[in-house]
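Engineer: So I've got this file, run.cif, and it contains mmCIF, C-alpha atoms:
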data_query
loop_
_atom_site.group_PDB
_atom_site.id
_atom_site.type_symbol
_atom_site.label_atom_id
_atom_site.label_comp_id
_atom_site.auth_asym_id
_atom_site.auth_seq_id
_atom_site.Cartn_x
_atom_site.Cartn_y
_atom_site.Cartn_z
ATOM 1 C CA MET A 16 0.000 0.000 0.000
ATOM 2 C CA GLN A 17 1.043 3.612 -0.451
ATOM 3 C CA LYS A 18 2.784 4.822 2.707
ATOM 4 C CA ARG A 19 0.517 7.857 2.951
ATOM 5 C CA LEU A 20 -2.607 5.670 2.858
ATOM 6 C CA LEU A 21 -1.186 3.209 5.361
ATOM 7 C CA SER A 22 -0.275 6.053 7.705
ATOM 8 C CA ARG A 23 -3.778 7.560 7.487
ATOM 9 C CA ILE A 24 -5.431 4.205 8.132
ATOM 10 C CA SER A 25 -3.181 3.365 11.092
ATOM 11 C CA GLU A 26 -3.698 6.771 12.697
ATOM 12 C CA LYS A 27 -7.476 6.632 12.279
ATOM 13 C CA MET A 28 -7.653 3.120 13.699
ATOM 14 C CA GLN A 29 -5.791 4.354 16.772
ATOM 15 C CA ARG A 30 -8.137 7.327 17.169
ATOM 16 C CA ILE A 31 -11.226 5.132 16.838
ATOM 17 C CA GLY A 32 -9.723 2.779 19.416
ATOM 18 C CA SER A 33 -9.347 5.679 21.831
ATOM 19 C CA LEU A 34 -13.027 6.609 21.345
ATOM 20 C CA ARG A 35 -14.401 3.149 22.093
ATOM 21 C CA PRO A 36 -16.927 2.271 23.235
ATOM 22 C CA LEU A 37 -18.759 4.409 20.688
ATOM 23 C CA PRO A 38 -22.297 5.531 21.644
ATOM 24 C CA ALA A 39 -24.880 2.817 20.898
ATOM 25 C CA ASP A 40 -27.169 5.180 18.960
ATOM 26 C CA ALA A 41 -24.258 6.350 16.821
ATOM 27 C CA ILE A 42 -23.257 2.757 16.060
ATOM 28 C CA LYS A 43 -26.853 1.974 15.074
ATOM 29 C CA ARG A 44 -26.961 4.951 12.679
ATOM 30 C CA LEU A 45 -23.625 3.973 11.155
ATOM 31 C CA HIS A 46 -24.761 0.385 10.678
ATOM 32 C CA GLU A 47 -27.941 1.480 8.916
ATOM 33 C CA GLU A 48 -26.050 3.930 6.706
ATOM 34 C CA MET A 49 -23.341 1.444 5.719
ATOM 35 C CA ARG A 50 -25.937 -1.292 5.156
ATOM 36 C CA LEU A 51 -27.884 0.951 2.787
ATOM 37 C CA LEU A 52 -24.810 2.254 0.961
ATOM 38 C CA HIS A 53 -23.276 -1.183 0.529
ATOM 39 C CA THR A 54 -26.564 -2.662 -0.701
ATOM 40 C CA TYR A 55 -27.205 0.105 -3.217
ATOM 41 C CA HIS A 56 -23.680 0.429 -4.611
ATOM 42 C CA SER A 57 -22.861 -3.300 -4.708
ATOM 43 C CA ASN A 58 -26.072 -3.987 -6.628
ATOM 44 C CA ALA A 59 -25.714 -0.934 -8.890
ATOM 45 C CA ILE A 60 -22.239 -2.099 -9.944
ATOM 46 C CA GLU A 61 -23.914 -5.270 -11.233
ATOM 47 C CA GLY A 62 -26.649 -3.385 -13.119
ATOM 48 C CA ASN A 63 -29.456 -3.072 -10.565
ATOM 49 C CA THR A 64 -31.620 -0.077 -11.588
ATOM 50 C CA LEU A 65 -32.944 0.984 -8.158
ATOM 51 C CA THR A 66 -31.704 4.418 -7.079
ATOM 52 C CA LEU A 67 -30.294 5.032 -3.619
ATOM 53 C CA SER A 68 -33.563 6.549 -2.378
ATOM 54 C CA GLU A 69 -35.589 3.712 -3.950
ATOM 55 C CA THR A 70 -33.321 1.128 -2.306
ATOM 56 C CA LYS A 71 -33.871 2.885 1.033
ATOM 57 C CA LEU A 72 -37.646 2.715 0.548
ATOM 58 C CA VAL A 73 -37.547 -0.982 -0.359
ATOM 59 C CA LEU A 74 -35.437 -1.847 2.688
ATOM 60 C CA GLU A 75 -37.405 0.280 5.154
ATOM 61 C CA THR A 76 -40.970 -0.272 3.950
ATOM 62 C CA GLY A 77 -40.898 -3.283 1.645
ATOM 63 C CA ILE A 78 -42.876 -1.404 -0.994
ATOM 64 C CA THR A 79 -42.524 -2.169 -4.695
ATOM 65 C CA ILE A 80 -41.212 0.623 -6.908
ATOM 66 C CA GLY A 81 -43.329 1.058 -10.032
ATOM 67 C CA GLY A 82 -41.560 0.360 -13.297
ATOM 68 C CA LYS A 83 -38.687 -1.531 -11.650
ATOM 69 C CA ALA A 84 -38.094 -5.265 -12.114
ATOM 70 C CA LEU A 85 -39.007 -7.651 -9.307
ATOM 71 C CA ALA A 86 -35.459 -9.027 -9.457
ATOM 72 C CA ASP A 87 -34.109 -5.582 -8.519
ATOM 73 C CA HIS A 88 -36.224 -5.585 -5.364
ATOM 74 C CA ILE A 89 -35.185 -9.124 -4.440
ATOM 75 C CA GLU A 90 -31.504 -8.226 -4.935
ATOM 76 C CA ALA A 91 -31.885 -5.244 -2.602
ATOM 77 C CA THR A 92 -33.455 -7.200 0.260
ATOM 78 C CA ASN A 93 -31.081 -10.150 -0.274
ATOM 79 C CA ASN A 94 -27.942 -8.021 -0.197
ATOM 80 C CA ALA A 95 -29.097 -6.176 2.917
ATOM 81 C CA ARG A 96 -29.767 -9.495 4.670
ATOM 82 C CA ALA A 97 -26.349 -10.735 3.602
ATOM 83 C CA PHE A 98 -24.763 -7.584 5.054
ATOM 84 C CA ASP A 99 -26.481 -8.312 8.384
ATOM 85 C CA LEU A 100 -25.252 -11.891 8.108
ATOM 86 C CA ILE A 101 -21.568 -11.003 7.703
ATOM 87 C CA GLU A 102 -21.723 -8.653 10.686
ATOM 88 C CA ASP A 103 -23.216 -11.454 12.798
ATOM 89 C CA LEU A 104 -20.626 -13.937 11.496
ATOM 90 C CA ALA A 105 -17.771 -11.549 12.292
ATOM 91 C CA LYS A 106 -19.064 -10.956 15.827
ATOM 92 C CA GLY A 107 -19.416 -14.695 16.318
ATOM 93 C CA GLY A 108 -15.832 -15.329 15.241
ATOM 94 C CA ARG A 109 -16.832 -17.410 12.202
ATOM 95 C CA VAL A 110 -13.896 -18.262 9.966
ATOM 96 C CA ILE A 111 -14.059 -17.998 6.189
ATOM 97 C CA ASP A 112 -14.602 -21.532 4.885
ATOM 98 C CA HIS A 113 -16.767 -23.365 2.342
ATOM 99 C CA VAL A 114 -19.835 -23.235 4.599
ATOM 100 C CA THR A 115 -19.487 -19.477 5.144
ATOM 101 C CA ILE A 116 -18.957 -18.760 1.441
ATOM 102 C CA GLN A 117 -21.914 -20.854 0.323
ATOM 103 C CA GLU A 118 -24.154 -19.478 3.076
ATOM 104 C CA ILE A 119 -23.463 -15.900 1.973
ATOM 105 C CA HIS A 120 -24.116 -16.789 -1.672
ATOM 106 C CA GLU A 121 -27.369 -18.522 -0.756
ATOM 107 C CA VAL A 122 -28.635 -15.377 0.978
ATOM 108 C CA VAL A 123 -27.461 -13.075 -1.839
ATOM 109 C CA THR A 124 -29.089 -15.097 -4.641
ATOM 110 C CA ALA A 125 -32.174 -16.539 -2.903
ATOM 111 C CA GLY A 126 -35.146 -16.468 -5.254
ATOM 112 C CA ILE A 127 -32.906 -15.469 -8.167
ATOM 113 C CA LEU A 128 -30.723 -18.494 -9.000
ATOM 114 C CA THR A 129 -31.756 -22.140 -9.084
ATOM 115 C CA ASP A 130 -28.285 -23.153 -7.866
ATOM 116 C CA SER A 131 -28.197 -20.672 -5.009
ATOM 117 C CA GLY A 132 -25.509 -21.549 -2.458
ATOM 118 C CA ARG A 133 -23.879 -24.196 -4.679
ATOM 119 C CA TYR A 134 -20.621 -24.047 -6.618
ATOM 120 C CA ARG A 135 -20.916 -24.161 -10.393
ATOM 121 C CA THR A 136 -20.863 -27.528 -12.138
ATOM 122 C CA HIS A 137 -20.031 -26.271 -15.620
ATOM 123 C CA ASN A 138 -17.654 -23.876 -17.286
ATOM 124 C CA VAL A 139 -18.565 -20.219 -17.842
ATOM 125 C CA ARG A 140 -17.296 -17.288 -19.845
ATOM 126 C CA ILE A 141 -17.482 -13.666 -18.705
ATOM 127 C CA VAL A 142 -18.574 -11.297 -21.468
ATOM 128 C CA GLY A 143 -15.836 -8.751 -22.209
ATOM 129 C CA ALA A 144 -13.281 -10.430 -19.929
ATOM 130 C CA LYS A 145 -9.840 -11.345 -21.275
ATOM 131 C CA LYS A 146 -9.403 -14.123 -18.744
ATOM 132 C CA THR A 147 -11.587 -17.234 -18.611
ATOM 133 C CA PRO A 148 -12.489 -18.598 -15.142
ATOM 134 C CA PRO A 149 -10.872 -21.937 -14.261
ATOM 135 C CA ASP A 150 -12.497 -25.248 -15.143
ATOM 136 C CA TRP A 151 -15.422 -26.017 -12.835
ATOM 137 C CA SER A 152 -13.738 -29.214 -11.636
ATOM 138 C CA LYS A 153 -10.948 -27.127 -10.061
ATOM 139 C CA VAL A 154 -13.227 -24.775 -8.083
ATOM 140 C CA VAL A 155 -13.317 -26.715 -4.797
ATOM 141 C CA GLY A 156 -9.536 -27.212 -4.758
ATOM 142 C CA LEU A 157 -8.882 -23.542 -5.570
ATOM 143 C CA ILE A 158 -11.263 -22.379 -2.836
ATOM 144 C CA ASP A 159 -9.559 -24.826 -0.437
ATOM 145 C CA ARG A 160 -6.243 -23.143 -1.186
ATOM 146 C CA LEU A 161 -7.721 -19.642 -0.846
ATOM 147 C CA ILE A 162 -9.244 -20.531 2.548
ATOM 148 C CA ASP A 163 -5.849 -21.810 3.733
ATOM 149 C CA GLU A 164 -4.036 -18.696 2.474
ATOM 150 C CA ILE A 165 -6.470 -16.354 4.236
ATOM 151 C CA ALA A 166 -6.239 -18.340 7.477
ATOM 152 C CA GLU A 167 -2.430 -18.380 7.354
ATOM 153 C CA SER A 168 -2.151 -14.641 6.632
ATOM 154 C CA GLY A 169 -2.857 -13.843 10.278
ATOM 155 C CA THR A 170 -1.214 -16.853 11.911
ATOM 156 C CA HIS A 171 2.228 -15.339 12.517
ATOM 157 C CA PRO A 172 1.762 -11.584 13.106
ATOM 158 C CA HIS A 173 5.391 -11.123 14.188
ATOM 159 C CA ARG A 174 6.990 -13.226 11.478
ATOM 160 C CA PRO A 175 7.708 -11.271 8.282
ATOM 161 C CA PRO A 176 6.497 -10.940 5.676
ATOM 162 C CA HIS A 177 3.107 -10.441 7.306
ATOM 163 C CA PRO A 178 0.484 -8.791 5.079
ATOM 164 C CA HIS A 179 -1.573 -5.907 6.402
ATOM 165 C CA PRO A 180 -5.261 -6.869 6.920
ATOM 166 C CA VAL A 181 -6.231 -4.487 4.097
ATOM 167 C CA GLU A 182 -3.790 -6.257 1.766
ATOM 168 C CA THR A 183 -5.270 -9.614 2.729
ATOM 169 C CA ALA A 184 -8.811 -8.304 2.149
ATOM 170 C CA ALA A 185 -7.791 -7.096 -1.319
ATOM 171 C CA PHE A 186 -6.144 -10.438 -2.115
ATOM 172 C CA LEU A 187 -9.242 -12.336 -0.922
ATOM 173 C CA HIS A 188 -11.540 -10.137 -3.004
ATOM 174 C CA HIS A 189 -9.555 -10.472 -6.225
ATOM 175 C CA ARG A 190 -8.741 -14.162 -5.908
ATOM 176 C CA PHE A 191 -12.374 -15.017 -5.215
ATOM 177 C CA VAL A 192 -13.685 -13.279 -8.348
ATOM 178 C CA GLU A 193 -10.800 -14.776 -10.330
ATOM 179 C CA ILE A 194 -11.862 -18.299 -9.273
ATOM 180 C CA HIS A 195 -15.507 -17.398 -10.036
ATOM 181 C CA PRO A 196 -16.896 -20.329 -8.001
ATOM 182 C CA PHE A 197 -20.579 -19.609 -8.671
ATOM 183 C CA THR A 198 -22.509 -19.236 -11.897
ATOM 184 C CA ASP A 199 -23.508 -15.700 -10.862
ATOM 185 C CA GLY A 200 -23.290 -13.379 -7.852
ATOM 186 C CA ASN A 201 -19.512 -13.692 -7.463
ATOM 187 C CA GLY A 202 -18.879 -9.925 -7.312
ATOM 188 C CA ARG A 203 -21.485 -9.387 -4.615
ATOM 189 C CA VAL A 204 -20.133 -12.288 -2.556
ATOM 190 C CA ALA A 205 -16.536 -11.081 -2.986
ATOM 191 C CA ARG A 206 -17.431 -7.631 -1.638
ATOM 192 C CA LEU A 207 -19.241 -9.199 1.319
ATOM 193 C CA LEU A 208 -16.409 -11.652 2.035
ATOM 194 C CA SER A 209 -13.761 -8.928 2.065
ATOM 195 C CA ASN A 210 -15.970 -6.940 4.445
ATOM 196 C CA LEU A 211 -16.415 -9.999 6.664
ATOM 197 C CA TYR A 212 -12.630 -10.281 6.891
ATOM 198 C CA LEU A 213 -12.164 -6.559 7.618
ATOM 199 C CA ILE A 214 -14.891 -6.442 10.293
ATOM 200 C CA ALA A 215 -13.397 -9.515 11.979
ATOM 201 C CA LYS A 216 -10.053 -7.654 12.113
ATOM 202 C CA GLY A 217 -11.630 -4.609 13.775
ATOM 203 C CA TYR A 218 -12.069 -2.438 10.669
ATOM 204 C CA PRO A 219 -15.339 -0.899 9.522
ATOM 205 C CA PRO A 220 -17.041 -2.307 6.408
ATOM 206 C CA VAL A 221 -16.197 -0.601 3.135
ATOM 207 C CA VAL A 222 -18.374 0.517 0.240
ATOM 208 C CA ILE A 223 -17.191 0.379 -3.364
ATOM 209 C CA MET A 224 -19.084 3.194 -5.043
ATOM 210 C CA THR A 225 -20.847 2.630 -8.360
ATOM 211 C CA GLN A 226 -19.239 5.814 -9.718
ATOM 212 C CA ASP A 227 -15.876 4.101 -9.180
ATOM 213 C CA ARG A 228 -16.981 1.034 -11.176
ATOM 214 C CA GLY A 229 -14.593 1.734 -14.058
ATOM 215 C CA LYS A 230 -11.592 2.133 -11.742
ATOM 216 C CA TYR A 231 -12.681 -0.934 -9.762
ATOM 217 C CA TYR A 232 -12.673 -3.164 -12.843
ATOM 218 C CA GLN A 233 -9.484 -1.590 -14.154
ATOM 219 C CA CYS A 234 -7.680 -2.466 -10.899
ATOM 220 C CA LEU A 235 -9.103 -5.997 -10.953
ATOM 221 C CA ARG A 236 -7.781 -6.445 -14.505
ATOM 222 C CA ALA A 237 -4.338 -5.283 -13.364
ATOM 223 C CA ALA A 238 -4.509 -7.903 -10.602
ATOM 224 C CA ASP A 239 -5.479 -10.514 -13.205
ATOM 225 C CA ALA A 240 -2.253 -9.606 -14.998
ATOM 226 C CA GLY A 241 -0.242 -10.155 -11.804
ATOM 227 C CA ASP A 242 -0.114 -6.653 -10.291
ATOM 228 C CA LEU A 243 -2.245 -6.542 -7.135
ATOM 229 C CA ALA A 244 -0.866 -3.158 -5.972
ATOM 230 C CA PRO A 245 -3.450 -0.919 -7.734
ATOM 231 C CA PHE A 246 -6.333 -2.990 -6.363
ATOM 232 C CA THR A 247 -4.815 -3.011 -2.873
ATOM 233 C CA ASP A 248 -4.585 0.798 -2.975
ATOM 234 C CA PHE A 249 -8.162 0.939 -4.277
ATOM 235 C CA ILE A 250 -9.431 -1.096 -1.302
ATOM 236 C CA ALA A 251 -7.208 0.898 1.077
ATOM 237 C CA ARG A 252 -8.831 4.149 -0.101
ATOM 238 C CA ALA A 253 -12.261 2.615 0.586
ATOM 239 C CA VAL A 254 -11.107 1.612 4.083
ATOM 240 C CA ASN A 255 -9.745 5.103 4.694
ATOM 241 C CA GLN A 256 -13.061 6.627 3.627
ATOM 242 C CA SER A 257 -15.042 4.340 5.959
ATOM 243 C CA LEU A 258 -12.740 5.251 8.845
ATOM 244 C CA THR A 259 -13.324 8.930 8.079
ATOM 245 C CA LEU A 260 -17.093 8.406 8.275
ATOM 246 C CA TYR A 261 -16.783 6.530 11.566
ATOM 247 C CA LEU A 262 -14.560 9.197 13.116
ATOM 248 C CA ALA A 263 -16.960 11.939 12.018
ATOM 249 C CA ILE A 264 -19.551 10.785 14.556
ATOM 250 C CA SER A 265 -17.300 12.057 17.341
ATOM 251 C CA GLY A 266 -17.629 15.601 15.941
ATOM 252 C CA GLY A 267 -15.105 18.282 16.823
ATOM 253 C CA ALA A 268 -12.057 18.415 14.552
ATOM 254 C CA ASP A 269 -13.190 15.213 12.798
ATOM 255 C CA GLU A 270 -16.641 16.503 11.815
ATOM 256 C CA LEU A 271 -17.137 16.358 8.042
ATOM 257 C CA VAL A 272 -17.660 19.817 6.531
ATOM 258 C CA PRO A 273 -18.046 20.868 2.849
ATOM 259 C CA LEU A 274 -14.764 22.077 1.352
ATOM 260 C CA LYS A 275 -16.459 25.346 0.415
ATOM 261 C CA GLU A 276 -16.787 26.139 4.109
ATOM 262 C CA LEU A 277 -13.355 24.814 5.065
ATOM 263 C CA ALA A 278 -11.603 26.777 2.318
ATOM 264 C CA THR A 279 -12.411 30.095 4.021
ATOM 265 C CA SER A 280 -9.903 29.317 6.781
ATOM 266 C CA THR A 281 -7.078 28.405 4.373
ATOM 267 C CA PRO A 282 -5.000 30.268 1.757
ATOM 268 C CA TYR A 283 -6.575 28.037 -0.909
ATOM 269 C CA SER A 284 -9.759 28.097 -2.958
ATOM 270 C CA GLN A 285 -12.505 25.495 -2.833
ATOM 271 C CA GLU A 286 -11.603 24.476 -6.402
ATOM 272 C CA TYR A 287 -7.970 23.855 -5.486
ATOM 273 C CA LEU A 288 -8.855 21.830 -2.400
ATOM 274 C CA SER A 289 -11.345 19.795 -4.448
ATOM 275 C CA LEU A 290 -8.593 19.047 -6.966
ATOM 276 C CA ARG A 291 -6.259 17.906 -4.195
ATOM 277 C CA ALA A 292 -9.076 15.752 -2.766
ATOM 278 C CA ARG A 293 -9.567 14.054 -6.156
ATOM 279 C CA GLN A 294 -5.819 13.444 -6.344
ATOM 280 C CA GLY A 295 -5.819 11.892 -2.871
ATOM 281 C CA ALA A 296 -3.444 14.490 -1.415
ATOM 282 C CA LEU A 297 -6.170 15.917 0.846
ATOM 283 C CA ASP A 298 -8.001 13.413 3.031
ATOM 284 C CA ALA A 299 -11.635 13.899 1.966
ATOM 285 C CA VAL A 300 -14.813 12.026 1.021
ATOM 286 C CA LYS A 301 -17.549 12.782 -1.479
ATOM 287 C CA ILE A 302 -21.066 12.930 -0.028
ATOM 288 C CA GLY A 303 -23.973 13.605 -2.363
ATOM 289 C CA GLY A 304 -21.580 14.799 -5.057
ATOM 290 C CA VAL A 305 -19.934 17.345 -2.725
ATOM 291 C CA TRP A 306 -16.417 16.995 -1.320
ATOM 292 C CA HIS A 307 -16.252 17.009 2.478
ATOM 293 C CA SER A 308 -13.251 16.977 4.765
ATOM 294 C CA SER A 309 -12.507 17.678 8.411
ATOM 295 C CA ARG A 310 -10.779 20.609 10.051
ATOM 296 C CA ARG A 311 -8.139 18.187 11.279
ATOM 297 C CA ALA A 312 -7.408 16.911 7.747
ATOM 298 C CA VAL A 313 -7.295 20.384 6.172
ATOM 299 C CA ALA A 314 -5.058 21.738 8.935
ATOM 300 C CA ARG A 315 -2.684 18.820 8.437
ATOM 301 C CA TYR A 316 -2.636 19.358 4.671
ATOM 302 C CA VAL A 317 -1.793 23.052 5.080
ATOM 303 C CA GLU A 318 0.847 22.215 7.687
ATOM 304 C CA ASP A 319 2.463 19.600 5.436
ATOM 305 C CA LEU A 320 2.703 22.079 2.590
#
Would you put the structure from the file into structure tokens?

Structural biologist:
Amino acid sequence: MQKRLLSRISEKMQRIGSLRPLPADAIKRLHEEMRLLHTYHSNAIEGNTLTLSETKLVLETGITIGGKALADHIEATNNARAFDLIEDLAKGGRVIDHVTIQEIHEVVTAGILTDSGRYRTHNVRIVGAKKTPPDWSKVVGLIDRLIDEIAESGTHPHRPPHPHPVETAAFLHHRFVEIHPFTDGNGRVARLLSNLYLIAKGYPPVVIMTQDRGKYYQCLRAADAGDLAPFTDFIARAVNQSLTLYLAISGGADELVPLKELATSTPYSQEYLSLRARQGALDAVKIGGVWHSSRRAVARYVEDL
């Protein structure tokens, strides 16, 4: 991972640790927000047509949105239930194994696939992909190996080289979609599995935004070609953003404020700070199409310059 990203993540994890236990009502709000965001964006990446507000309505009221396919509604409720499932599994100390993987897939694809929760028994091709998934007969063995590699990644924390949990989550995510163990739903399961691993390691769940879909697939293709670094940085940025959202509930210097407002206390314009946010130099997140940062992050950026 980039040193700057690793430093930000480590510092934020320490600050969150110092704030624990977080207020119960704040945790509940964060859970509901992350559940909604993950459900909407993970499904939208795969072509679900429900908007964010429509997804919220479906999850909260169970109503059917006129003009939208029934499958879109089922995907929304399924993915939200699967998000609840991984949080429960992480709290219960469940390891990632065949049972866990198939249980998540069964929840994600219930009422959609006839082979829900079962590994594929035939070969598949992915439209537009340069790489063909492995032969179906190799799936169980490849998943066996992946399960072992994930379990071993945290066995010897003081014996180098020991991967950072974010690096392991990125590896798990990519390798799972590369194996493509199910006929469909592999992307959704991969995003849930990597979140299960992160939550179990004390990190907040991450959301891969639908507007970052192009970059997401570009980084996965680079990993297919043998370079996992871009995808690891991509996941690390998502982790950093989630940590920023979690810290914001404490308010004060970590409260998220639009850059337009923050710029007034700096020598820089809103446009310049937005540019630096897009470039990753300024620690910021985009909320509703507007860049937000904290007074702490902006002060540090100015100080570093």

Engineer: Report as a ChimeraX atom specification the residues that result from applying the PyMOL selection byres ((chain A and resi 296) around 12) to the structure here.

Structural biologist: /A:17,19-20,23,252,287-295,297-300,308,312-313,315-317,319-320

Engineer: Which is closest to Asn58 (chain A) among A:Asn201, A:Ser209, A:Ser22, A:Thr225, if we use only C-alpha atoms?

Structural biologist: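 Ranking A:Asn201, A:Ser209, A:Ser22, A:Thr225 by distance to Asn58 (chain A), first place goes to A:Thr225.
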
Engineer: Once the PyMOL selection byres ((chain A and resi 54) around 9) has been evaluated on this model, what residues remain selected, and can you format them as a list in words?

Structural biologist: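 So the PyMOL selection byres ((chain A and resi 54) around 9), applied here, picks out Met49, Arg50, Leu51, Leu52, His53, Tyr55, His56, Ser57, Asn58, Ala59, Thr70, Glu90, Ala91, Thr92, Asn93, Asn94, Ala95, Phe98 and Val222 of chain A.
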
Engineer: In Å to one decimal, how far is CA of Ile264 (chain A) from CA of Leu67 (chain A)?

Structural biologist: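 Pair CA of Leu67 (chain A) / CA of Ile264 (chain A) returns 21.9 Å.
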
Engineer: Using all atoms listed in the file, find all polymer residues with an atom at most 12 Å away from the point (-15.0, 5.7, 6.8); report them as a PDB file with C-alpha atoms, in the frame of the given file.

Structural biologist:
ATOM      1  CA  ARG A  23      -3.778   7.560   7.487  1.00  0.00           C
ATOM      2  CA  ILE A  24      -5.431   4.205   8.132  1.00  0.00           C
ATOM      3  CA  LYS A  27      -7.476   6.632  12.279  1.00  0.00           C
ATOM      4  CA  MET A  28      -7.653   3.120  13.699  1.00  0.00           C
ATOM      5  CA  ILE A  31     -11.226   5.132  16.838  1.00  0.00           C
ATOM      6  CA  LEU A  45     -23.625   3.973  11.155  1.00  0.00           C
ATOM      7  CA  HIS A  46     -24.761   0.385  10.678  1.00  0.00           C
ATOM      8  CA  GLU A  48     -26.050   3.930   6.706  1.00  0.00           C
ATOM      9  CA  MET A  49     -23.341   1.444   5.719  1.00  0.00           C
ATOM     10  CA  LEU A  52     -24.810   2.254   0.961  1.00  0.00           C
ATOM     11  CA  TYR A 218     -12.069  -2.438  10.669  1.00  0.00           C
ATOM     12  CA  PRO A 219     -15.339  -0.899   9.522  1.00  0.00           C
ATOM     13  CA  PRO A 220     -17.041  -2.307   6.408  1.00  0.00           C
ATOM     14  CA  VAL A 221     -16.197  -0.601   3.135  1.00  0.00           C
ATOM     15  CA  VAL A 222     -18.374   0.517   0.240  1.00  0.00           C
ATOM     16  CA  ILE A 223     -17.191   0.379  -3.364  1.00  0.00           C
ATOM     17  CA  ILE A 250      -9.431  -1.096  -1.302  1.00  0.00           C
ATOM     18  CA  ALA A 251      -7.208   0.898   1.077  1.00  0.00           C
ATOM     19  CA  ARG A 252      -8.831   4.149  -0.101  1.00  0.00           C
ATOM     20  CA  ALA A 253     -12.261   2.615   0.586  1.00  0.00           C
ATOM     21  CA  VAL A 254     -11.107   1.612   4.083  1.00  0.00           C
ATOM     22  CA  ASN A 255      -9.745   5.103   4.694  1.00  0.00           C
ATOM     23  CA  GLN A 256     -13.061   6.627   3.627  1.00  0.00           C
ATOM     24  CA  SER A 257     -15.042   4.340   5.959  1.00  0.00           C
ATOM     25  CA  LEU A 258     -12.740   5.251   8.845  1.00  0.00           C
ATOM     26  CA  THR A 259     -13.324   8.930   8.079  1.00  0.00           C
ATOM     27  CA  LEU A 260     -17.093   8.406   8.275  1.00  0.00           C
ATOM     28  CA  TYR A 261     -16.783   6.530  11.566  1.00  0.00           C
ATOM     29  CA  LEU A 262     -14.560   9.197  13.116  1.00  0.00           C
ATOM     30  CA  ALA A 263     -16.960  11.939  12.018  1.00  0.00           C
ATOM     31  CA  ILE A 264     -19.551  10.785  14.556  1.00  0.00           C
ATOM     32  CA  ASP A 269     -13.190  15.213  12.798  1.00  0.00           C
ATOM     33  CA  LEU A 271     -17.137  16.358   8.042  1.00  0.00           C
ATOM     34  CA  ASP A 298      -8.001  13.413   3.031  1.00  0.00           C
ATOM     35  CA  ALA A 299     -11.635  13.899   1.966  1.00  0.00           C
ATOM     36  CA  VAL A 300     -14.813  12.026   1.021  1.00  0.00           C
ATOM     37  CA  LYS A 301     -17.549  12.782  -1.479  1.00  0.00           C
ATOM     38  CA  ILE A 302     -21.066  12.930  -0.028  1.00  0.00           C
ATOM     39  CA  SER A 308     -13.251  16.977   4.765  1.00  0.00           C
TER      40      SER A 308
END

Engineer: At most 6 Å from (-16.5, -10.5, 2.7), file frame, all atoms listed in the file: which residues, as a list in words?

Structural biologist: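 Result, sorted by chain then residue number: Ala205, Arg206, Leu207, Leu208, Ser209, Asn210, Leu211 and Tyr212 of chain A.
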
Engineer: I'd like to know which of A:Glu286, A:Arg133, A:Thr247, A:Gly217 is closest to Gly32 (chain A), using all atoms listed in the file.

Structural biologist: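 With all atoms listed in the file as the atom set, the closest residue is A:Gly217.
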
Engineer: So, with all atoms listed in the file as the atoms that count, which of A:Ala238, A:Val154, A:Ala215, A:Met16 lies closest to Thr198 (chain A)?

Structural biologist: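 Using all atoms listed in the file, the shortest distance to Thr198 (chain A) belongs to A:Val154.
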
Engineer: Tell me which residues the PyMOL selection byres ((chain A and resi 88) around 10) grabs here, as a ChimeraX atom specification.

Structural biologist: /A:63-65,69-70,73-74,77-80,83-87,89-93

Engineer: Can you tell me, as a count of residues only, what residues are no more than 12 Å from Pro245 (chain A) when counting all atoms listed in the file, ignoring any on the same chain fewer than 2 positions away?

Structural biologist: 26

Engineer: What does the distance from CA of Leu213 (chain A) to CA of Glu102 (chain A) come to in Å, to one decimal?

Structural biologist: 10.3 Å

Engineer: For a test of reading the model, state the distance in Å between CA of Ala278 (chain A) and CA of Glu318 (chain A), rounded to one decimal.

Structural biologist: 14.3 Å

Engineer: Find the smallest box with edges along x, y and z containing every listed atom of region 180-187 of chain A, then add 8 Å on each side and report centre and edge lengths in Å to one decimal, as JSON.

Structural biologist:
{"center_x": -6.5, "center_y": -8.4, "center_z": 2.4, "size_x": 21.5, "size_y": 23.8, "size_z": 25.0}

Engineer: I'd like to know which of A:Gly304, A:Pro148, A:Pro273, A:Gly156 is closest to Met224 (chain A), using all atoms listed in the file.

Structural biologist: A:Gly304

Engineer: Please determine, counting all atoms listed in the file, which residue among A:Arg311, A:Arg203, A:Lys153, A:His177 has the shortest atom-to-atom distance to Gly62 (chain A).

Structural biologist: A:Arg203

Engineer: With all atoms listed in the file as the basis for distance, which of A:Lys146, A:His195, A:Glu270, A:Gly200 is at the shortest distance from Ala125 (chain A)?

Structural biologist: A:Gly200

Engineer: May I have the residues within 12 Å of Thr147 (chain A) as a list in words, using only C-alpha atoms and disregarding those fewer than 6 positions away in the same chain?

Structural biologist: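 These residues fall inside the cut-off: Asn138, Val139, Arg140, Ile141, Val192, Glu193, Ile194, His195 and Asp239 of chain A.
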